[in-house]
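Heads up, entry08.cif below (mmCIF, C-alpha atoms and all ligand atoms):
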```
data_final
#
loop_
_atom_site.label_atom_id
_atom_site.label_comp_id
_atom_site.auth_asym_id
_atom_site.auth_seq_id
_atom_site.Cartn_x
_atom_site.Cartn_y
_atom_site.Cartn_z
CA MET X 1 243.06 -50.91 49.15
CA ASP X 2 241.85 -54.51 49.05
CA ILE X 3 241.21 -57.08 46.35
CA LEU X 4 237.44 -57.24 46.91
CA ASP X 5 237.10 -53.46 46.31
CA ILE X 6 239.21 -53.83 43.17
CA ILE X 7 237.06 -56.70 41.83
CA ASP X 8 233.90 -54.64 42.61
CA LYS X 9 235.35 -51.61 40.86
CA LYS X 10 236.03 -53.62 37.69
CA GLU X 11 232.61 -55.27 37.94
CA ASN X 12 231.06 -51.76 37.92
CA GLY X 13 232.93 -50.96 34.71
CA GLU X 14 235.34 -48.52 36.36
CA LYS X 15 239.00 -48.16 35.38
CA LEU X 16 241.72 -49.44 37.68
CA THR X 17 244.62 -47.14 38.54
CA LYS X 18 248.25 -48.21 38.07
CA GLU X 19 248.59 -48.48 41.87
CA GLU X 20 245.59 -50.83 42.03
CA LEU X 21 246.95 -52.99 39.19
CA LYS X 22 250.35 -53.14 40.93
CA TYR X 23 248.67 -54.12 44.18
CA VAL X 24 246.97 -57.02 42.35
CA ILE X 25 250.11 -58.28 40.59
CA ASP X 26 252.33 -57.96 43.68
CA GLY X 27 249.67 -59.59 45.86
CA TYR X 28 249.20 -62.50 43.46
CA LEU X 29 252.93 -63.11 43.25
CA ASN X 30 253.45 -62.99 47.03
CA GLY X 31 250.43 -65.20 47.71
CA SER X 32 248.30 -62.65 49.62
CA ILE X 33 245.83 -62.62 46.71
CA LYS X 34 244.48 -66.12 46.15
CA ASP X 35 243.88 -68.00 42.88
CA TYR X 36 240.08 -67.74 43.22
CA GLN X 37 240.27 -63.95 43.75
CA MET X 38 242.60 -63.48 40.79
CA ALA X 39 240.39 -65.78 38.69
CA SER X 40 237.39 -63.61 39.54
CA LEU X 41 239.21 -60.42 38.48
CA LEU X 42 240.50 -62.06 35.27
CA THR X 43 236.95 -63.12 34.42
CA GLU X 44 235.71 -59.52 34.87
CA ILE X 45 238.55 -58.32 32.63
CA ASP X 46 237.71 -60.99 30.05
CA LEU X 47 234.05 -59.87 30.04
CA LEU X 48 234.47 -56.08 30.29
CA GLY X 49 237.97 -55.51 28.88
CA LEU X 50 240.61 -53.02 29.95
CA SER X 51 241.16 -49.51 28.59
CA GLU X 52 244.29 -48.82 26.56
CA GLU X 53 245.79 -46.98 29.51
CA GLU X 54 245.06 -49.88 31.88
CA THR X 55 246.61 -52.34 29.40
CA ILE X 56 249.76 -50.21 29.03
CA ASN X 57 250.04 -49.93 32.82
CA LEU X 58 249.46 -53.66 33.34
CA THR X 59 252.16 -54.49 30.77
CA ASP X 60 254.61 -52.18 32.53
CA ILE X 61 253.92 -53.73 35.93
CA MET X 62 254.28 -57.25 34.53
CA LEU X 63 257.49 -56.30 32.72
CA HIS X 64 259.01 -55.09 35.99
CA SER X 65 257.90 -58.17 37.96
CA GLY X 66 261.22 -59.89 37.10
CA GLU X 67 264.53 -59.46 35.31
CA ILE X 68 264.89 -57.37 32.17
CA LEU X 69 267.70 -58.59 29.92
CA ASP X 70 270.31 -56.12 28.80
CA LEU X 71 272.06 -57.78 25.90
CA ASN X 72 274.29 -54.81 25.00
CA PHE X 73 273.74 -55.11 21.26
CA ASP X 74 272.02 -52.29 19.46
CA ASN X 75 270.28 -53.99 16.55
CA ILE X 76 268.66 -57.08 18.01
CA VAL X 77 265.40 -57.90 16.32
CA ASP X 78 262.89 -60.25 17.89
CA LYS X 79 260.02 -62.08 16.25
CA HIS X 80 257.01 -63.57 17.95
CA SER X 81 254.24 -65.77 16.64
CA THR X 82 250.95 -66.12 18.49
CA GLY X 83 251.06 -69.79 17.52
CA GLY X 84 249.73 -71.78 14.65
CA VAL X 85 249.67 -75.24 13.11
CA GLY X 86 252.76 -76.05 11.03
CA ASP X 87 254.41 -72.79 12.05
CA LYS X 88 258.13 -73.37 11.56
CA THR X 89 258.75 -69.76 10.44
CA THR X 90 261.28 -68.86 13.16
CA ILE X 91 263.56 -71.73 12.13
CA VAL X 92 263.81 -70.24 8.64
CA LEU X 93 263.73 -66.55 9.58
CA ALA X 94 266.26 -66.48 12.39
CA PRO X 95 269.29 -67.67 10.36
CA LEU X 96 268.10 -65.83 7.26
CA VAL X 97 268.04 -62.39 8.91
CA ALA X 98 271.21 -63.22 10.87
CA SER X 99 272.94 -63.87 7.53
CA LEU X 100 272.19 -60.19 6.77
CA ARG X 101 273.95 -59.00 9.95
CA VAL X 102 270.75 -58.43 11.90
CA LYS X 103 271.30 -59.96 15.32
CA VAL X 104 268.91 -62.60 16.63
CA ALA X 105 269.07 -63.31 20.38
CA LYS X 106 265.85 -65.14 20.90
CA MET X 107 263.85 -67.05 23.44
CA SER X 108 261.17 -69.41 22.18
CA GLY X 109 258.63 -71.69 23.79
CA ARG X 110 257.54 -75.31 23.76
CA GLY X 111 254.29 -76.45 22.22
CA LEU X 112 251.13 -76.68 24.28
CA GLY X 113 247.69 -77.63 23.01
CA HIS X 114 247.29 -78.07 19.27
CA THR X 115 250.16 -75.73 18.28
CA GLY X 116 253.82 -76.69 18.30
CA GLY X 117 256.76 -74.83 19.79
CA THR X 118 260.07 -73.85 18.19
CA ILE X 119 262.13 -75.31 21.05
CA ASP X 120 260.65 -78.80 20.64
CA LYS X 121 261.13 -78.59 16.89
CA LEU X 122 264.81 -77.62 17.20
CA GLU X 123 265.38 -80.45 19.69
CA SER X 124 264.49 -82.92 16.95
CA ILE X 125 267.95 -82.12 15.51
CA LYS X 126 270.23 -84.62 17.32
CA GLY X 127 272.38 -82.86 19.92
CA PHE X 128 270.83 -79.39 19.55
CA LYS X 129 271.02 -77.68 22.96
CA THR X 130 268.26 -75.22 23.83
CA ALA X 131 269.70 -74.05 27.17
CA MET X 132 272.88 -72.11 27.90
CA SER X 133 274.23 -69.52 30.32
CA LEU X 134 273.64 -65.83 29.67
CA ASP X 135 277.36 -65.34 28.97
CA ALA X 136 277.45 -68.19 26.44
CA PHE X 137 274.28 -66.80 24.85
CA LYS X 138 275.78 -63.31 24.46
CA ASN X 139 279.09 -64.75 23.18
CA GLN X 140 277.32 -66.78 20.52
CA VAL X 141 275.29 -63.77 19.38
CA ASP X 142 278.48 -61.71 19.25
CA LYS X 143 280.38 -64.38 17.30
CA ILE X 144 277.83 -65.65 14.77
CA GLY X 145 274.90 -63.21 15.13
CA ILE X 146 272.35 -65.76 16.31
CA ALA X 147 271.39 -67.75 19.41
CA LEU X 148 268.05 -69.27 20.32
CA VAL X 149 267.19 -70.77 23.69
CA GLY X 150 264.16 -71.94 25.67
CA GLY X 151 264.45 -69.46 28.50
CA MET X 152 266.86 -67.10 30.14
CA GLY X 153 266.74 -65.52 33.58
CA ASN X 154 263.61 -64.88 35.60
CA LEU X 155 261.72 -62.87 32.97
CA VAL X 156 258.14 -61.75 33.72
CA PRO X 157 257.27 -64.17 36.56
CA ALA X 158 253.87 -62.44 36.72
CA ASP X 159 253.02 -63.79 33.27
CA LYS X 160 254.05 -67.35 34.18
CA GLU X 161 251.64 -67.34 37.12
CA ILE X 162 248.78 -65.46 35.46
CA TYR X 163 249.03 -67.38 32.17
CA ALA X 164 248.78 -70.71 34.03
CA LEU X 165 245.63 -69.44 35.78
CA ARG X 166 244.15 -68.04 32.55
CA ASP X 167 244.73 -71.40 30.90
CA VAL X 168 242.42 -73.14 33.38
CA THR X 169 239.81 -70.37 33.80
CA GLY X 170 238.83 -69.78 30.17
CA THR X 171 240.41 -66.31 30.07
CA VAL X 172 243.16 -66.97 27.54
CA ASP X 173 241.35 -65.16 24.73
CA SER X 174 241.02 -61.72 26.39
CA ILE X 175 242.60 -59.13 24.04
CA PRO X 176 244.15 -56.86 26.74
CA LEU X 177 245.44 -59.89 28.64
CA ILE X 178 247.04 -61.34 25.50
CA ALA X 179 248.59 -57.95 24.64
CA SER X 180 250.10 -57.47 28.10
CA SER X 181 251.29 -61.09 28.27
CA ILE X 182 253.07 -61.06 24.90
CA MET X 183 254.46 -57.53 25.11
CA SER X 184 255.78 -57.79 28.68
CA LYS X 185 257.81 -60.85 27.62
CA LYS X 186 259.06 -59.25 24.40
CA LEU X 187 260.06 -56.07 26.21
CA ALA X 188 261.89 -58.05 28.90
CA SER X 189 263.97 -60.03 26.44
CA GLY X 190 266.26 -57.20 25.36
CA ALA X 191 265.45 -56.65 21.66
CA SER X 192 265.41 -53.21 20.06
CA SER X 193 262.76 -54.09 17.46
CA ILE X 194 259.84 -56.49 17.59
CA VAL X 195 257.93 -58.14 14.73
CA ILE X 196 254.79 -60.06 15.66
CA ASP X 197 253.11 -62.65 13.46
CA LEU X 198 249.51 -62.53 14.66
CA LYS X 199 247.70 -65.61 13.40
CA VAL X 200 244.01 -65.30 12.61
CA GLY X 201 241.66 -68.20 11.92
CA SER X 202 240.41 -71.58 13.04
CA GLY X 203 243.84 -72.87 14.08
CA ALA X 204 244.74 -69.68 15.97
CA LEU X 205 244.17 -68.07 19.36
CA VAL X 206 242.22 -65.23 17.73
CA ASN X 207 239.53 -66.18 15.26
CA ASN X 208 237.89 -62.83 14.60
CA LEU X 209 239.56 -60.29 12.28
CA ASP X 210 238.32 -57.17 14.12
CA GLU X 211 239.62 -58.51 17.42
CA ALA X 212 242.93 -59.39 15.75
CA LYS X 213 243.27 -55.82 14.46
CA GLU X 214 242.48 -54.41 17.91
CA LEU X 215 245.15 -56.67 19.43
CA ALA X 216 247.68 -55.68 16.76
CA HIS X 217 247.13 -51.93 17.31
CA LEU X 218 247.40 -52.40 21.05
CA MET X 219 250.69 -54.33 20.85
CA VAL X 220 252.22 -51.85 18.40
CA LYS X 221 251.23 -48.98 20.69
CA ILE X 222 252.74 -50.70 23.75
CA GLY X 223 255.98 -51.37 21.82
CA LYS X 224 256.29 -47.79 20.64
CA ASN X 225 255.51 -46.44 24.12
CA ASN X 226 258.57 -48.40 25.23
CA ASN X 227 260.74 -46.99 22.42
CA LYS X 228 260.84 -50.24 20.46
CA LYS X 229 260.17 -50.35 16.74
CA THR X 230 257.17 -52.68 16.54
CA ALA X 231 255.21 -54.15 13.65
CA CYS X 232 252.43 -56.69 13.61
CA VAL X 233 251.52 -58.81 10.58
CA LEU X 234 248.09 -60.46 10.54
CA THR X 235 248.31 -63.84 8.79
CA ASN X 236 245.81 -66.51 7.86
CA MET X 237 245.70 -69.63 10.05
CA ASN X 238 242.67 -71.34 8.56
CA GLU X 239 244.87 -74.03 7.02
CA PRO X 240 248.26 -75.27 8.30
CA LEU X 241 251.32 -73.26 7.25
CA GLY X 242 253.39 -75.20 4.70
CA TYR X 243 252.83 -78.94 4.36
CA ALA X 244 254.50 -80.47 7.42
CA VAL X 245 252.89 -80.59 10.88
CA GLY X 246 254.98 -82.22 13.63
CA ASN X 247 258.50 -81.57 14.86
CA SER X 248 261.33 -83.24 12.88
CA ILE X 249 259.31 -83.08 9.65
CA GLU X 250 258.79 -79.34 10.18
CA VAL X 251 262.53 -78.80 10.68
CA ILE X 252 263.21 -80.62 7.40
CA GLU X 253 260.66 -78.38 5.66
CA ALA X 254 262.33 -75.31 7.20
CA ILE X 255 265.74 -76.47 5.92
CA ASN X 256 264.33 -76.99 2.42
CA THR X 257 262.83 -73.49 2.58
CA LEU X 258 266.26 -72.06 3.43
CA LYS X 259 267.61 -73.90 0.41
CA GLY X 260 265.07 -71.94 -1.66
CA ASP X 261 262.79 -74.95 -2.08
CA GLY X 262 260.01 -74.36 0.46
CA PRO X 263 256.22 -74.23 0.27
CA GLU X 264 254.91 -71.04 -1.31
CA ASP X 265 252.98 -69.79 1.74
CA LEU X 266 255.88 -70.35 4.16
CA THR X 267 258.31 -68.70 1.74
CA ASP X 268 256.02 -65.67 1.29
CA LEU X 269 255.64 -65.30 5.05
CA VAL X 270 259.40 -65.57 5.63
CA ILE X 271 260.01 -62.86 3.01
CA LYS X 272 257.38 -60.55 4.55
CA LEU X 273 258.47 -60.95 8.19
CA GLY X 274 262.16 -61.04 7.22
CA SER X 275 261.83 -57.77 5.27
CA LEU X 276 260.29 -56.06 8.30
CA MET X 277 262.99 -57.43 10.63
CA VAL X 278 265.85 -56.45 8.33
CA SER X 279 264.36 -53.03 7.61
CA MET X 280 264.12 -52.33 11.35
CA GLY X 281 267.49 -53.89 12.19
CA LEU X 282 269.48 -52.11 9.46
CA ASN X 283 267.38 -48.92 9.27
CA ILE X 284 266.63 -49.31 5.57
CA SER X 285 263.35 -49.29 3.66
CA GLU X 286 261.20 -52.42 3.60
CA LYS X 287 261.68 -52.61 -0.18
CA GLN X 288 265.50 -52.56 0.12
CA ALA X 289 265.27 -55.13 2.92
CA GLU X 290 263.07 -57.40 0.82
CA GLU X 291 265.69 -57.53 -1.94
CA LYS X 292 268.36 -58.53 0.56
CA VAL X 293 266.14 -61.18 2.17
CA LYS X 294 265.29 -62.74 -1.19
CA GLU X 295 268.93 -62.70 -2.22
CA ASN X 296 270.09 -64.63 0.85
CA LEU X 297 267.16 -67.01 0.64
CA TYR X 298 268.12 -68.07 -2.86
CA ASN X 299 271.95 -67.74 -2.83
CA GLY X 300 272.46 -70.21 0.03
CA LYS X 301 273.76 -67.65 2.58
CA GLY X 302 270.72 -68.13 4.84
CA TYR X 303 271.27 -71.90 4.75
CA GLU X 304 275.00 -71.48 5.50
CA LYS X 305 274.05 -69.42 8.56
CA MET X 306 271.68 -72.20 9.64
CA LEU X 307 274.55 -74.73 9.43
CA GLU X 308 276.77 -72.43 11.51
CA TRP X 309 274.01 -71.87 14.07
CA VAL X 310 273.06 -75.55 14.45
CA LYS X 311 276.74 -76.49 14.87
CA ALA X 312 277.26 -73.74 17.47
CA GLN X 313 274.39 -75.16 19.56
CA GLY X 314 275.75 -78.72 19.31
CA GLY X 315 273.34 -80.10 16.70
CA ASP X 316 273.98 -82.42 13.77
CA ILE X 317 271.88 -81.22 10.85
CA ASN X 318 272.35 -84.56 9.10
CA ASP X 319 270.73 -86.42 11.98
CA ILE X 320 267.03 -85.60 12.22
CA PRO X 321 265.22 -88.85 13.08
CA LEU X 322 261.88 -89.74 11.50
CA ALA X 323 259.12 -92.06 12.77
CA LYS X 324 259.43 -95.80 12.06
CA HIS X 325 256.22 -96.06 10.04
CA SER X 326 254.36 -94.03 7.46
CA LYS X 327 250.97 -94.38 5.82
CA GLU X 328 249.58 -92.54 2.82
CA ILE X 329 246.00 -91.26 2.92
CA ILE X 330 244.34 -91.59 -0.46
CA ILE X 331 241.73 -89.18 -1.83
CA GLN X 332 238.31 -90.76 -2.36
CA THR X 333 236.88 -88.12 -4.69
CA ASP X 334 237.79 -85.63 -7.44
CA GLY X 335 237.48 -81.92 -6.68
CA TYR X 336 238.97 -78.69 -5.41
CA ILE X 337 240.08 -78.57 -1.78
CA SER X 338 237.85 -75.89 -0.24
CA SER X 339 239.18 -76.06 3.34
CA ILE X 340 241.66 -77.87 5.59
CA ASN X 341 240.84 -77.65 9.27
CA ALA X 342 244.10 -76.46 10.84
CA LEU X 343 242.85 -76.94 14.39
CA GLU X 344 241.89 -80.58 13.76
CA ILE X 345 245.16 -81.34 11.92
CA GLY X 346 247.00 -79.88 14.92
CA LYS X 347 244.99 -82.09 17.28
CA LEU X 348 245.62 -85.20 15.16
CA SER X 349 249.34 -84.51 15.14
CA ARG X 350 249.16 -84.19 18.93
CA LYS X 351 247.26 -87.50 19.08
CA LEU X 352 250.18 -89.14 17.25
CA GLY X 353 252.38 -87.86 20.08
CA ALA X 354 253.82 -84.69 18.49
CA GLY X 355 252.20 -82.33 21.01
CA ARG X 356 251.24 -82.00 24.66
CA LEU X 357 247.99 -81.81 26.57
CA THR X 358 249.74 -80.81 29.79
CA LYS X 359 253.10 -79.12 30.33
CA ASP X 360 254.70 -82.34 31.60
CA ASP X 361 253.69 -84.65 28.73
CA GLU X 362 256.56 -86.38 26.89
CA ILE X 363 256.39 -85.85 23.15
CA ASP X 364 257.54 -87.89 20.16
CA LEU X 365 259.59 -85.57 17.97
CA THR X 366 259.58 -87.92 14.98
CA VAL X 367 255.84 -88.18 14.24
CA GLY X 368 253.36 -85.95 12.42
CA ILE X 369 251.42 -85.39 9.24
CA ILE X 370 252.65 -84.13 5.87
CA LEU X 371 249.94 -82.72 3.61
CA ASN X 372 250.36 -83.20 -0.12
CA HIS X 373 247.89 -80.50 -1.11
CA LYS X 374 246.64 -77.10 0.03
CA VAL X 375 243.37 -75.19 -0.24
CA GLY X 376 242.47 -74.27 -3.84
CA GLU X 377 244.27 -77.22 -5.45
CA TYR X 378 242.44 -79.68 -7.70
CA VAL X 379 242.86 -83.30 -6.64
CA LYS X 380 241.90 -86.59 -8.27
CA LYS X 381 240.55 -89.78 -6.72
CA GLY X 382 243.45 -92.16 -5.97
CA GLU X 383 246.05 -89.42 -5.34
CA THR X 384 247.80 -89.09 -2.00
CA LEU X 385 246.21 -86.41 0.16
CA ALA X 386 248.55 -86.65 3.14
CA THR X 387 251.10 -88.97 4.76
CA ILE X 388 251.03 -89.93 8.44
CA PHE X 389 254.37 -90.55 10.18
CA TYR X 390 253.76 -92.63 13.31
CA ASN X 391 255.21 -94.92 15.97
CA GLU X 392 253.09 -96.44 18.77
CA LYS X 393 250.21 -93.94 18.75
CA LYS X 394 247.89 -94.09 15.75
CA ILE X 395 245.17 -92.10 14.03
CA THR X 396 242.69 -93.36 11.45
CA GLU X 397 242.40 -92.55 7.77
CA GLU X 398 238.85 -91.22 8.41
CA GLU X 399 240.13 -88.80 11.02
CA VAL X 400 242.55 -87.28 8.50
CA LEU X 401 240.00 -87.24 5.67
CA SER X 402 237.46 -85.45 7.88
CA CYS X 403 239.82 -82.43 8.11
CA PHE X 404 239.37 -81.77 4.37
CA ASN X 405 236.41 -80.33 2.49
CA PHE X 406 236.04 -80.49 -1.28
CA SER X 407 234.12 -78.50 -3.86
CA GLU X 408 233.23 -79.18 -7.48
CA LYS X 409 233.76 -75.51 -8.33
CA PRO X 410 237.18 -73.81 -8.35
CA VAL X 411 238.17 -72.37 -4.99
CA GLU X 412 240.38 -69.31 -4.59
CA LYS X 413 243.64 -69.77 -2.72
CA PRO X 414 243.29 -68.01 0.65
CA LYS X 415 245.26 -64.81 1.12
CA LEU X 416 248.08 -65.48 3.58
CA ILE X 417 249.05 -61.95 4.60
CA ILE X 418 245.94 -60.11 5.67
CA ASP X 419 247.33 -56.82 6.98
CA THR X 420 250.42 -55.13 8.42
CA ILE X 421 250.11 -52.70 11.31
CA LYS X 422 253.10 -50.60 12.35
N1 LIG S 501 250.83 -65.99 23.84
C1 LIG S 501 251.28 -65.42 24.99
O1 LIG S 501 252.47 -65.37 25.25
N2 LIG S 501 250.37 -64.91 25.83
C2 LIG S 501 249.05 -64.95 25.60
O2 LIG S 501 248.29 -64.46 26.39
C3 LIG S 501 248.61 -65.55 24.41
C4 LIG S 501 249.52 -66.06 23.54
#
```

Render the structure in this file as structure tokens.
Amino acid sequence: MDILDIIDKKENGEKLTKEELKYVIDGYLNGSIKDYQMASLLTEIDLLGLSEEETINLTDIMLHSGEILDLNFDNIVDKHSTGGVGDKTTIVLAPLVASLRVKVAKMSGRGLGHTGGTIDKLESIKGFKTAMSLDAFKNQVDKIGIALVGGMGNLVPADKEIYALRDVTGTVDSIPLIASSIMSKKLASGASSIVIDLKVGSGALVNNLDEAKELAHLMVKIGKNNNKKTACVLTNMNEPLGYAVGNSIEVIEAINTLKGDGPEDLTDLVIKLGSLMVSMGLNISEKQAEEKVKENLYNGKGYEKMLEWVKAQGGDINDIPLAKHSKEIIIQTDGYISSINALEIGKLSRKLGAGRLTKDDEIDLTVGIILNHKVGEYVKKGETLATIFYNEKKITEEEVLSCFNFSEKPVEKPKLIIDTIK
């Protein structure tokens, strides 16, 4: 077997066997297969795809390329988001479902590109530690039912290497490669059930609804093949989620949501994903779970769990610094907001310093943009459209205004939850 034969085979539209896929992954990790050879194979896969069987095999090989966590708890539920603008859902969901005795032992990422990461957001709470030993992690989950860290053990090294190469070879958007990347990491992190928030739209990795459905079915199938309860919710990412886009301002919005005073779209999403997580974790119907989730969202128990969690990880919830300056952006016209470009808002927030262009960039946790209005709302000239929170780096009023489109005719509010596949 050699890599050139394998690339040729894929180029001819033939299926690769599990042994051939293992040869590729092992060879890439031990350096005998070079970046340019792997890039060539990834490009063929991006163009021609992989069969379901190949994708399942690839996921399994990637999963076994490193450690697989055994957390010794039987009802751990994990949640994953494919990444969106203003997506602070995990910060609300994790303590909310933990307050219902569903265990959350979670690893999250940092932001890269125009989307933020939960770990950066949590670090905007003064003192919040996002790293701990495996023993401390398990103890915290045992004691208070929730722990969230940036990384743990050497999970799926194959994905770290391949993702970095995909990032610079234009192969990030391949459906089978996304499915195997996400699912290998979820399977390695020790949860018994997995809920995936698959974002669809201009601010998301996947823009096309049919492709999103294909990806959802594939991930659910991989999860079930591995004896994990798995559900995938397709959600709209054509406008930012909630109003706040940044780090500290998103945490504040998440806290308000846990106090029962959050934006409607974020609250709806939390209830939907939370109901699925609780239904899987407690083995009850989604309807019964929804009642419990709503109860703890509005009776303060979810918020109490957040306080307990933040304290356990060393954070001071009363100390979330904000940027030194703020500037309101004023609407120049009357009308209905017909669209808000999530991708561009994400990029502007990054330009203020809230996000990274490369993995090593320093970010400013205090800056960002808070929208005052969402798609479908009627606005009048002279009202505030958004507020920019900034320090040294600046953006212009025109740049923010250009993210909005207006219409004279009423515009329907976009549907947030598009579909659920389980
Ligand atoms: N998120 C991942 O973890 N992997 C991908 O390939 C895409 C999004």

Among the residues X:Met277, X:Leu357, X:Ala179, X:Leu93, the one that comes closest to Ile56 of chain X [using all atoms listed in the file]:
X:Ala179

Of the candidates X:Gly13, X:Gly27, X:Gly116, X:Gly86, which one gets nearest to Leu266 of chain X if we count all atoms listed in the file?
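Result for the nearest residue to Leu266 of chain X: X:Gly86.
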
Quick one: distance from atom CA of Ser338 of chain X to atom CA of Asp268 of chain X in Å, one decimal?
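Spanning atom CA of Ser338 of chain X to atom CA of Asp268 of chain X is a straight-line distance of 20.9 Å.
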
What is the atom CA of Asn227 of chain X-atom CA of Phe137 of chain X distance in Å, reported with one decimal?
24.1 Å

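Each of X:Gly127, X:Gly145, X:Gly314, X:Pro176 was checked against ligand LIG 501 (chain S) using all atoms listed in the file; the smallest atom-to-atom distance is that of X:Pro176.
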
If the limit is 12 Å from any atom of ligand LIG 501 (chain S), counting all atoms listed in the file, which residues qualify? Return them as an MDAnalysis selection string.
chainID X and resid 46 59 80:84 107:113 115 117 156 158:167 170:186 196:199 204:206 215 219

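The space separating atom CA of Ser40 of chain X from atom CA of Leu343 of chain X comes to 29.0 Å.
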
For Leu241 of chain X, the nearest of the candidates X:Asn154, X:Asn341, X:Gln140, X:Asn225, counting only C-alpha atoms:
X:Asn341

With 9 Å as the threshold, what does the neighbourhood of (272.0, -68.7, 27.6) contain in terms of residues, counting all atoms listed in the file? Coordinates are those of the file; answer as an mmCIF file with C-alpha atoms, in the coordinates of the input.
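Result went into out29.cif, see below:
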```cif
data_model
loop_
_atom_site.group_PDB
_atom_site.id
_atom_site.type_symbol
_atom_site.label_atom_id
_atom_site.label_comp_id
_atom_site.auth_asym_id
_atom_site.auth_seq_id
_atom_site.Cartn_x
_atom_site.Cartn_y
_atom_site.Cartn_z
ATOM 1 C CA THR X 130 268.260 -75.220 23.830
ATOM 2 C CA ALA X 131 269.700 -74.050 27.170
ATOM 3 C CA MET X 132 272.880 -72.110 27.900
ATOM 4 C CA SER X 133 274.230 -69.520 30.320
ATOM 5 C CA LEU X 134 273.640 -65.830 29.670
ATOM 6 C CA ASP X 135 277.360 -65.340 28.970
ATOM 7 C CA ALA X 136 277.450 -68.190 26.440
ATOM 8 C CA PHE X 137 274.280 -66.800 24.850
ATOM 9 C CA LYS X 138 275.780 -63.310 24.460
ATOM 10 C CA ALA X 147 271.390 -67.750 19.410
ATOM 11 C CA LEU X 148 268.050 -69.270 20.320
ATOM 12 C CA VAL X 149 267.190 -70.770 23.690
ATOM 13 C CA GLY X 150 264.160 -71.940 25.670
ATOM 14 C CA GLY X 151 264.450 -69.460 28.500
ATOM 15 C CA MET X 152 266.860 -67.100 30.140
ATOM 16 C CA GLY X 153 266.740 -65.520 33.580
#
```

Non-local contacts of segment 370-373 of chain X (9 Å; only C-alpha atoms; under 2 positions in same chain excluded) as a list in words
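Surrounding residues, per the criterion: Pro240, Gly242, Tyr243, Ala244, Val245, Gly246, Ile249, Glu250, Ile337, Gly368, Val375, Gly376, Glu377, Tyr378, Val379, Thr384, Leu385, Ala386, Thr387, Ile388 and Phe389 of chain X.
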
Do you know which residues are at most 10 Å from Asp60 of chain X counting all atoms listed in the file, after dropping those on the same chain fewer than 3 positions away, and could you put them as a list of chain:residue names?
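Here the qualifying residues turn out to be X:Lys18, X:Lys22, X:Glu54, X:Thr55, X:Ile56, X:Asn57, X:Leu63, X:His64, X:Ser65, X:Ser180, X:Met183, X:Ser184, X:Leu187, X:Ile222, X:Asn226.
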